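Heads up: the structure comes next, in structure tokens.
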Number of protein chains: 2
Amino acid sequence: MNASRTARERVRAELIKEITDIARRHLATEGATGLSLRAVAREMGMVSSAIYRYFPSRDDLLTALIIDGYNALGEAVERADAACARDDFFGRWLAVCRAVREWALAHPHEYALLYGSPVPGYAAPQDTIAPAVRDTAVYGRIVADAHHAGRLAPPPICPPPPAVLAEDAEIVRSLMPDVPDDVIARAITAWTGLFGMVSFELFGQFNNTITHRAELFEHNMTCLARLIGLPD
Amino acid sequence: MNASRTARERVRAELIKEITDIARRHLATEGATGLSLRAVAREMGMVSSAIYRYFPSRDDLLTALIIDGYNALGEAVERADAACARDDFFGRWLAVCRAVREWALAHPHEYALLYGSPVPGYAAPQDTIAPAVRDTAVYGRIVADAHHAGRLAPPPICPPPPAVLAEDAEIVRSLMPDVPDDVIARAITAWTGLFGMVSFELFGQFNNTITHRAELFEHNMTCLARLIGLPD
DNA sequence: TATTCGTCAAGAGCACTGCTCTCTAATCGC
DNA sequence: GCGATTAGAGAGCAGTGCTCTTGACGAATA
């Protein structure tokens with residue numbers, strides 16, 4: 001009885017996987033706005049209304065893709081970090097940066113879904129917030145590790161962060177325990193700088209201007225590493 | 001005869017303006033994907049097909065809005081810069097940063113159109129590239145002015161930029177004449193950092209994490225200013 | 001002045017979308 | 001085996017961008 005019940009549920013799970021796979025392929029070629037439930041159904045040989053048995057709305061399908069995307073990016077970042085020597089903090093940071101950029105270049109529409117303009121009328125549900133910080137968690141660990149190893153030497157160029165930021169730092173500290181507020185503030189600067197750079201490249205702001213993007217990226221990420229005090 | 005011809009053209013120009021005005025309002029409330037030619041036509045008391053006399057396609061209407069958006073942002077940035085003492089380079093940078101952020105917060109959907117994920121299938125035509133650099137031109141002038149005044153003291157934390165970036169620097173230098181390559185590289189880092197920060201805030205990456213966004217923004221922009229060596 | 005001619009709005013229509021509803025058929029648990 | 005649950009099919013609604021044709025108006029010309 002358990003086997004039979006899982007039989008139905010298994011085909012259901014398989015269909016859900018097939019739907020998301022096709023949807024992800026469509027997303028990769030057409031982008032988020034071009035993702036059509038009817039087109040997915042057509043490719044599955046289904047009638048469009050049948051899809052609604054598995055995803056109550058287009059937004060729910062989008063949510064599934066967003067979660068998958070965060071996990072894929074997070075996994076890529078985790079792998080890149082794991083391939084580095086634990087005490088090579090600068091190398092780990094650079095590996096993470098490269099992983100983010102390369103994943104984004106390989107999956108531009110998925111990156112846009114995660115870090116681009118939000119889809120109007122779409123509110124990310126709670127299920128997305130855990131996978132969303134997978135990459136950030138890796139980054140936080142690098143900063144925290146470097147700090148605890150006493151290898152973080154931030155240059156004395158930034159003023160101390162305003163006291164009111166201490167509240168927010170409390171939350172961020174869950175990703176990088178026992179790290180002081182000023183390091184957290186710089187860490188946020190570098191992290192937003194990374195994604196600002198990737199977004200500029202991907203969203204066309206470098207068109208007609210920057211051609212050697214990989215080199216510029218490497219150099220900029222190095223500068224940002226210096227800003228947070230990562231050793232060479 | 002000339003007067004009569006301009007009479008026709010005048011009503012035409014007025015209608016075009018009315019269409020873009022309504023479209024901009026719709027864009028502000030619904031976002032780019034929610035912008036519908038039919039809805040605009042409905043509000044004008046026109047039939048949908050009549051709109052195509054003025055904008056051959058939805059993309060052309062979008063292009064008009066994009067150009068308007070770049071100009072509006074550029075103007076806001078220019079005004080902010082003009083309100084500062086010419087030799088207060090740090091103040092000018094901060095004013096520009098604030099202007100960008102405030103304009104973005106006031107016009108989130110327009111900002112998303114300019115700096116968010118590109119609309120799939122839409123290729124920005126040549127007419128957009130001139131207005132697109134209006135804000136960047138202001139920024140370039142600040143950096144160049146500070147450099148020429150001998151007030152740029154970049155901290156010795158960044159390695160020299162790779163030689164291959166010299167080609168790209170040549171193009172960027174049209175916005176900040178006679179500025180050396182390493183300053184240009186840092187300037188790009190700061191500029192992408194600014195938009196990375198604004199995009200993170202606007203696109204929801206700070207949700208459930210950062211609450212004191214204005215304070216964090218000020219602090220981060222100060223750090224970036226230090227990175228490029230702007231004096232206090 | 002009368003007549004072309006270009007411009008414009010209107011309407012119908014095509015192919016597409018997300019989504020809802022009802023109906024039928026298969027499947028599962030008892 | 002039987003009642004209850006679930007899956008798929010199909011029609012249909014309201015909306016979209018866009019095209020094509022038709023008829024009206026105004027301006028330049030014969």
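Each chain of the structure tokens is named A, B, ... in the order shown, its residues numbered from 1; ligands are numbered from 1 in display order.
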**Item:** Distance query DT22 of chain D at most 12 Å, only C-alpha atoms (C1' of nucleotides), self and fewer than 3 positions along chain excluded, as a list of chain:residue names
**Value:**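 Contacts, with the query itself left out: C:DA9, C:DA10, C:DG11, C:DA12.
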For those residues, write C-alpha atoms (C1' of nucleotides) to a file as a PDB file, in the first residue's frame.
ATOM      1  C1'  DA C   9      -8.831  56.686 -36.333  1.00  0.00           C
ATOM      2  C1'  DA C  10     -11.607  52.768 -36.169  1.00  0.00           C
ATOM      3  C1'  DG C  11     -12.758  47.975 -36.299  1.00  0.00           C
ATOM      4  C1'  DA C  12     -12.175  43.227 -37.160  1.00  0.00           C
TER       5       DA C  12
END
**Asked** Running DSSP on the backbone, which parts of segment 18-134 of chain A land in helix (DSSP H, G or I), as number ranges by chain?
**Response** A: 18-30, 37-44, 48-51, 58-82, 89-106, 108-115, 126-132, 134
**Request:** Determine which residues of chain C sit within 8 Å of chain A, taking into account only C-alpha atoms (C1' of nucleotides), and present them as number ranges by chain.
**Result:** C: 17-18, 28
Save the residues we just selected, N, CA and C atoms (P, O5', C5', C4', C3', O3' and C1' of nucleotides), as a JSON list (two decimals), in the first residue's frame?
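So the final result, stored in out-v4.json, reads:
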[["chain", "number", "residue", "atom", "x", "y", "z"],
["C", 17, "DT", "P", 1.50, 30.81, -25.77],
["C", 17, "DT", "O5'", 1.00, 31.75, -24.59],
["C", 17, "DT", "C5'", 1.84, 32.82, -24.13],
["C", 17, "DT", "C4'", 1.06, 33.66, -23.13],
["C", 17, "DT", "C3'", 0.47, 32.89, -21.97],
["C", 17, "DT", "O3'", 1.48, 32.75, -20.97],
["C", 17, "DT", "C1'", -1.10, 34.48, -22.82],
["C", 18, "DG", "P", 1.36, 31.60, -19.89],
["C", 18, "DG", "O5'", 0.32, 32.20, -18.84],
["C", 18, "DG", "C5'", 0.61, 33.40, -18.15],
["C", 18, "DG", "C4'", -0.57, 33.75, -17.26],
["C", 18, "DG", "C3'", -0.90, 32.67, -16.22],
["C", 18, "DG", "O3'", -1.23, 33.30, -14.99],
["C", 18, "DG", "C1'", -2.77, 33.05, -17.63],
["C", 28, "DC", "P", -2.41, 3.69, -8.57],
["C", 28, "DC", "O5'", -2.99, 3.96, -7.10],
["C", 28, "DC", "C5'", -3.19, 5.30, -6.66],
["C", 28, "DC", "C4'", -4.11, 5.31, -5.46],
["C", 28, "DC", "C3'", -3.83, 4.22, -4.44],
["C", 28, "DC", "O3'", -3.60, 4.79, -3.17],
["C", 28, "DC", "C1'", -6.15, 4.31, -4.98]]
**Asked** Taking only C-alpha atoms (C1' of nucleotides) into account, which of D:DG1, D:DG23, D:DG15, D:DG10 comes nearest chain A?
**Response**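 Of all the options, D:DG10 lies closest to chain A.
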Please report as a compact mmCIF listing (two decimals) with N, CA and C atoms, in the first residue's frame which residues of chain A come no farther than 8 Å from chain D, using only C-alpha atoms (C1' of nucleotides).
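The resulting result.txt:
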# COMPACT_ATOMS: atom_id res chain seq x y z
N VAL A 47 -2.16 19.15 -22.15
CA VAL A 47 -2.98 20.32 -22.38
C VAL A 47 -2.67 21.32 -21.28
N ALA A 50 -3.69 21.12 -17.57
CA ALA A 50 -3.18 20.02 -16.76
C ALA A 50 -2.01 20.47 -15.90
N ARG A 53 -2.40 21.33 -12.27
CA ARG A 53 -2.45 20.31 -11.21
C ARG A 53 -1.14 20.31 -10.43
At a cut-off of 8 Å, can you tabulate as JSON lines every residue of chain A near chain B together with its closest atom pair and the distance in Å to one decimal, using only C-alpha atoms and ordering rows by chain then number?
{"residue": "A:Glu30", "atom": "CA", "partner": "B:Pro120", "partner_atom": "CA", "distance": 6.8}
{"residue": "A:Gly31", "atom": "CA", "partner": "B:Pro120", "partner_atom": "CA", "distance": 6.0}
{"residue": "A:Thr33", "atom": "CA", "partner": "B:Pro120", "partner_atom": "CA", "distance": 7.3}
{"residue": "A:Gly34", "atom": "CA", "partner": "B:Pro120", "partner_atom": "CA", "distance": 7.6}
{"residue": "A:Ala112", "atom": "CA", "partner": "B:Ser117", "partner_atom": "CA", "distance": 5.4}
{"residue": "A:Leu113", "atom": "CA", "partner": "B:Ser117", "partner_atom": "CA", "distance": 8.0}
{"residue": "A:Tyr115", "atom": "CA", "partner": "B:Phe203", "partner_atom": "CA", "distance": 7.1}
{"residue": "A:Gly116", "atom": "CA", "partner": "B:Ser117", "partner_atom": "CA", "distance": 4.8}
{"residue": "A:Ser117", "atom": "CA", "partner": "B:Gly116", "partner_atom": "CA", "distance": 4.8}
{"residue": "A:Pro118", "atom": "CA", "partner": "B:Phe203", "partner_atom": "CA", "distance": 5.9}
{"residue": "A:Pro120", "atom": "CA", "partner": "B:Gly31", "partner_atom": "CA", "distance": 6.0}
{"residue": "A:Pro155", "atom": "CA", "partner": "B:Ile157", "partner_atom": "CA", "distance": 7.8}
{"residue": "A:Ile157", "atom": "CA", "partner": "B:Arg226", "partner_atom": "CA", "distance": 6.1}
{"residue": "A:Cys158", "atom": "CA", "partner": "B:Cys223", "partner_atom": "CA", "distance": 5.2}
{"residue": "A:Pro159", "atom": "CA", "partner": "B:Cys223", "partner_atom": "CA", "distance": 7.6}
{"residue": "A:Pro161", "atom": "CA", "partner": "B:His219", "partner_atom": "CA", "distance": 6.3}
{"residue": "A:Pro162", "atom": "CA", "partner": "B:Glu215", "partner_atom": "CA", "distance": 7.2}
{"residue": "A:Val164", "atom": "CA", "partner": "B:His212", "partner_atom": "CA", "distance": 7.3}
{"residue": "A:Leu165", "atom": "CA", "partner": "B:His212", "partner_atom": "CA", "distance": 6.5}
{"residue": "A:Asp168", "atom": "CA", "partner": "B:Ile210", "partner_atom": "CA", "distance": 5.5}
{"residue": "A:Ile171", "atom": "CA", "partner": "B:Thr209", "partner_atom": "CA", "distance": 6.3}
{"residue": "A:Val172", "atom": "CA", "partner": "B:Thr209", "partner_atom": "CA", "distance": 6.9}
{"residue": "A:Ala185", "atom": "CA", "partner": "B:Asn220", "partner_atom": "CA", "distance": 7.4}
{"residue": "A:Arg186", "atom": "CA", "partner": "B:Asn220", "partner_atom": "CA", "distance": 7.4}
{"residue": "A:Thr189", "atom": "CA", "partner": "B:Asn220", "partner_atom": "CA", "distance": 5.8}
{"residue": "A:Ala190", "atom": "CA", "partner": "B:Gly193", "partner_atom": "CA", "distance": 7.9}
{"residue": "A:Thr192", "atom": "CA", "partner": "B:Gly196", "partner_atom": "CA", "distance": 5.1}
{"residue": "A:Gly193", "atom": "CA", "partner": "B:Gly193", "partner_atom": "CA", "distance": 4.3}
{"residue": "A:Leu194", "atom": "CA", "partner": "B:Gly196", "partner_atom": "CA", "distance": 7.7}
{"residue": "A:Phe195", "atom": "CA", "partner": "B:Gly196", "partner_atom": "CA", "distance": 6.0}
{"residue": "A:Gly196", "atom": "CA", "partner": "B:Gly196", "partner_atom": "CA", "distance": 3.5}
{"residue": "A:Met197", "atom": "CA", "partner": "B:Thr192", "partner_atom": "CA", "distance": 5.5}
{"residue": "A:Ser199", "atom": "CA", "partner": "B:Gly196", "partner_atom": "CA", "distance": 7.7}
{"residue": "A:Phe200", "atom": "CA", "partner": "B:Thr192", "partner_atom": "CA", "distance": 7.0}
{"residue": "A:Phe203", "atom": "CA", "partner": "B:Ser117", "partner_atom": "CA", "distance": 5.7}
{"residue": "A:Gly204", "atom": "CA", "partner": "B:Pro118", "partner_atom": "CA", "distance": 7.8}
{"residue": "A:Gln205", "atom": "CA", "partner": "B:Tyr115", "partner_atom": "CA", "distance": 7.7}
{"residue": "A:Thr209", "atom": "CA", "partner": "B:Ile171", "partner_atom": "CA", "distance": 6.3}
{"residue": "A:Ile210", "atom": "CA", "partner": "B:Asp168", "partner_atom": "CA", "distance": 5.5}
{"residue": "A:Thr211", "atom": "CA", "partner": "B:Asp168", "partner_atom": "CA", "distance": 6.5}
{"residue": "A:His212", "atom": "CA", "partner": "B:Leu165", "partner_atom": "CA", "distance": 6.5}
{"residue": "A:Glu215", "atom": "CA", "partner": "B:Pro162", "partner_atom": "CA", "distance": 7.2}
{"residue": "A:Leu216", "atom": "CA", "partner": "B:Leu165", "partner_atom": "CA", "distance": 6.9}
{"residue": "A:His219", "atom": "CA", "partner": "B:Pro161", "partner_atom": "CA", "distance": 6.3}
{"residue": "A:Asn220", "atom": "CA", "partner": "B:Thr189", "partner_atom": "CA", "distance": 5.8}
{"residue": "A:Thr222", "atom": "CA", "partner": "B:Cys158", "partner_atom": "CA", "distance": 7.2}
{"residue": "A:Cys223", "atom": "CA", "partner": "B:Cys158", "partner_atom": "CA", "distance": 5.2}
{"residue": "A:Arg226", "atom": "CA", "partner": "B:Ile157", "partner_atom": "CA", "distance": 6.1}
{"residue": "A:Leu227", "atom": "CA", "partner": "B:Leu227", "partner_atom": "CA", "distance": 7.4}
Same residues, N, CA and C atoms, saved as a tab-separated table (two decimals), in the first residue's frame:
chain	number	residue	atom	x	y	z
A	30	GLU	N	14.45	32.05	-23.48
A	30	GLU	CA	13.51	33.16	-23.71
A	30	GLU	C	13.52	34.20	-22.60
A	31	GLY	N	14.02	33.83	-21.44
A	31	GLY	CA	13.95	34.75	-20.32
A	31	GLY	C	12.67	34.58	-19.54
A	33	THR	N	10.13	36.60	-18.80
A	33	THR	CA	8.85	37.05	-19.35
A	33	THR	C	8.39	36.14	-20.48
A	34	GLY	N	9.33	35.45	-21.11
A	34	GLY	CA	8.97	34.57	-22.21
A	34	GLY	C	8.60	33.18	-21.76
A	112	ALA	N	19.50	36.84	-13.90
A	112	ALA	CA	18.60	37.99	-13.92
A	112	ALA	C	17.39	37.74	-13.03
A	113	LEU	N	16.94	36.51	-13.00
A	113	LEU	CA	15.79	36.18	-12.16
A	113	LEU	C	16.13	36.34	-10.68
A	115	TYR	N	18.97	38.14	-9.34
A	115	TYR	CA	19.56	39.41	-8.92
A	115	TYR	C	19.16	40.60	-9.78
A	116	GLY	N	18.29	40.38	-10.75
A	116	GLY	CA	17.85	41.49	-11.57
A	116	GLY	C	16.58	42.10	-11.03
A	117	SER	N	15.93	42.88	-11.88
A	117	SER	CA	14.70	43.52	-11.46
A	117	SER	C	13.69	42.47	-11.04
A	118	PRO	N	13.01	42.69	-9.94
A	118	PRO	CA	12.01	41.73	-9.51
A	118	PRO	C	10.84	41.69	-10.49
A	120	PRO	N	7.30	42.06	-11.55
A	120	PRO	CA	6.22	42.85	-10.94
A	120	PRO	C	5.08	41.96	-10.50
A	155	PRO	N	42.81	48.14	5.79
A	155	PRO	CA	43.57	49.40	5.76
A	155	PRO	C	42.78	50.49	6.48
A	157	ILE	N	41.39	53.24	6.17
A	157	ILE	CA	40.91	54.32	5.31
A	157	ILE	C	39.42	54.59	5.52
A	158	CYS	N	38.69	53.64	6.11
A	158	CYS	CA	37.25	53.84	6.31
A	158	CYS	C	36.99	54.41	7.70
A	159	PRO	N	36.04	55.32	7.79
A	159	PRO	CA	35.61	55.77	9.13
A	159	PRO	C	34.88	54.63	9.82
A	161	PRO	N	31.85	52.60	11.28
A	161	PRO	CA	30.46	52.62	10.85
A	161	PRO	C	29.58	53.28	11.91
A	162	PRO	N	28.51	53.96	11.49
A	162	PRO	CA	27.62	54.60	12.45
A	162	PRO	C	27.02	53.57	13.40
A	164	VAL	N	24.21	53.05	14.59
A	164	VAL	CA	22.89	52.49	14.33
A	164	VAL	C	22.97	51.21	13.50
A	165	LEU	N	24.09	51.02	12.80
A	165	LEU	CA	24.23	49.82	11.97
A	165	LEU	C	24.48	48.57	12.81
A	168	ASP	N	21.74	45.90	12.46
A	168	ASP	CA	21.79	45.09	11.25
A	168	ASP	C	22.98	44.13	11.30
A	171	ILE	N	22.33	40.72	12.69
A	171	ILE	CA	21.74	39.70	11.81
A	171	ILE	C	22.79	39.13	10.87
A	172	VAL	N	23.60	40.03	10.30
A	172	VAL	CA	24.63	39.56	9.37
A	172	VAL	C	25.61	38.66	10.09
A	185	ALA	N	30.67	45.83	7.87
A	185	ALA	CA	30.30	46.91	6.95
A	185	ALA	C	31.14	46.84	5.67
A	186	ARG	N	32.45	46.66	5.84
A	186	ARG	CA	33.30	46.54	4.65
A	186	ARG	C	32.94	45.29	3.84
A	189	THR	N	30.17	46.02	1.62
A	189	THR	CA	30.61	46.83	0.49
A	189	THR	C	31.20	45.96	-0.61
A	190	ALA	N	32.07	45.04	-0.21
A	190	ALA	CA	32.71	44.18	-1.20
A	190	ALA	C	31.70	43.27	-1.88
A	192	THR	N	28.41	43.67	-2.30
A	192	THR	CA	27.58	44.41	-3.26
A	192	THR	C	28.41	44.83	-4.46
A	193	GLY	N	29.68	45.10	-4.23
A	193	GLY	CA	30.55	45.46	-5.34
A	193	GLY	C	30.69	44.32	-6.34
A	194	LEU	N	30.82	43.12	-5.81
A	194	LEU	CA	30.90	41.94	-6.68
A	194	LEU	C	29.67	41.84	-7.57
A	195	PHE	N	28.51	41.92	-6.97
A	195	PHE	CA	27.29	41.75	-7.76
A	195	PHE	C	27.00	42.98	-8.63
A	196	GLY	N	27.45	44.12	-8.19
A	196	GLY	CA	27.32	45.29	-9.05
A	196	GLY	C	28.11	45.12	-10.32
A	197	MET	N	29.30	44.58	-10.17
A	197	MET	CA	30.16	44.35	-11.32
A	197	MET	C	29.55	43.31	-12.26
A	199	SER	N	26.45	42.39	-12.51
A	199	SER	CA	25.22	42.90	-13.11
A	199	SER	C	25.52	43.90	-14.21
A	200	PHE	N	26.47	44.77	-13.98
A	200	PHE	CA	26.85	45.73	-15.02
A	200	PHE	C	27.27	45.00	-16.29
A	203	PHE	N	24.07	43.02	-17.70
A	203	PHE	CA	22.89	43.79	-18.09
A	203	PHE	C	23.22	44.85	-19.13
A	204	GLY	N	24.46	44.83	-19.62
A	204	GLY	CA	24.76	45.65	-20.79
A	204	GLY	C	25.38	47.00	-20.50
A	205	GLN	N	25.68	47.30	-19.23
A	205	GLN	CA	26.24	48.62	-18.92
A	205	GLN	C	27.67	48.77	-19.42
A	209	THR	N	32.07	49.94	-24.11
A	209	THR	CA	33.02	50.60	-23.21
A	209	THR	C	34.11	49.62	-22.79
A	210	ILE	N	33.69	48.60	-22.06
A	210	ILE	CA	34.66	47.66	-21.50
A	210	ILE	C	34.69	46.39	-22.35
A	211	THR	N	35.86	46.04	-22.82
A	211	THR	CA	35.96	44.81	-23.61
A	211	THR	C	36.71	43.72	-22.85
A	212	HIS	N	37.70	44.12	-22.06
A	212	HIS	CA	38.46	43.12	-21.31
A	212	HIS	C	37.82	42.92	-19.95
A	215	GLU	N	39.54	40.58	-17.15
A	215	GLU	CA	40.69	41.21	-16.51
A	215	GLU	C	40.24	42.33	-15.55
A	216	LEU	N	39.29	43.13	-16.03
A	216	LEU	CA	38.79	44.19	-15.16
A	216	LEU	C	38.16	43.60	-13.91
A	219	HIS	N	40.79	42.41	-11.45
A	219	HIS	CA	41.44	43.54	-10.80
A	219	HIS	C	40.53	44.19	-9.77
A	220	ASN	N	39.26	44.37	-10.14
A	220	ASN	CA	38.34	45.01	-9.22
A	220	ASN	C	38.11	44.16	-7.98
A	222	THR	N	40.17	42.16	-6.72
A	222	THR	CA	41.38	42.28	-5.91
A	222	THR	C	41.34	43.57	-5.08
A	223	CYS	N	40.92	44.66	-5.70
A	223	CYS	CA	40.81	45.92	-4.97
A	223	CYS	C	39.83	45.78	-3.80
A	226	ARG	N	41.29	43.95	-0.99
A	226	ARG	CA	42.19	44.81	-0.22
A	226	ARG	C	41.39	45.71	0.73
A	227	LEU	N	40.24	46.14	0.25
A	227	LEU	CA	39.41	47.03	1.06
A	227	LEU	C	38.98	46.34	2.36
**Selection: 7 Å around segment 60-75 of chain A, only C-alpha atoms (C1' of nucleotides), excl. self and same-chain fewer than 6 positions, as a list in words** = Thr20, Arg24, Val100, Trp103, Glu110, Leu113, Leu114, Thr128, Pro131, Ala132, Arg134 and Asp135 of chain A
Export of prior selection with C-alpha atoms as a short mmCIF file (atom, residue, chain, number, x, y, z; two decimals), in the first residue's frame:
data_model
loop_
_atom_site.label_atom_id
_atom_site.label_comp_id
_atom_site.auth_asym_id
_atom_site.auth_seq_id
_atom_site.Cartn_x
_atom_site.Cartn_y
_atom_site.Cartn_z
CA THR A 20 10.72 22.44 -14.13
CA ARG A 24 14.33 26.04 -17.00
CA VAL A 100 29.60 33.87 -9.28
CA TRP A 103 27.74 30.96 -13.29
CA GLU A 110 18.58 32.70 -14.27
CA LEU A 113 15.79 36.18 -12.16
CA LEU A 114 17.77 36.07 -8.92
CA THR A 128 13.33 31.20 -1.17
CA PRO A 131 18.64 29.02 -0.56
CA ALA A 132 19.11 32.70 -1.31
CA ARG A 134 23.81 29.92 0.32
CA ASP A 135 26.42 31.85 -1.61
#
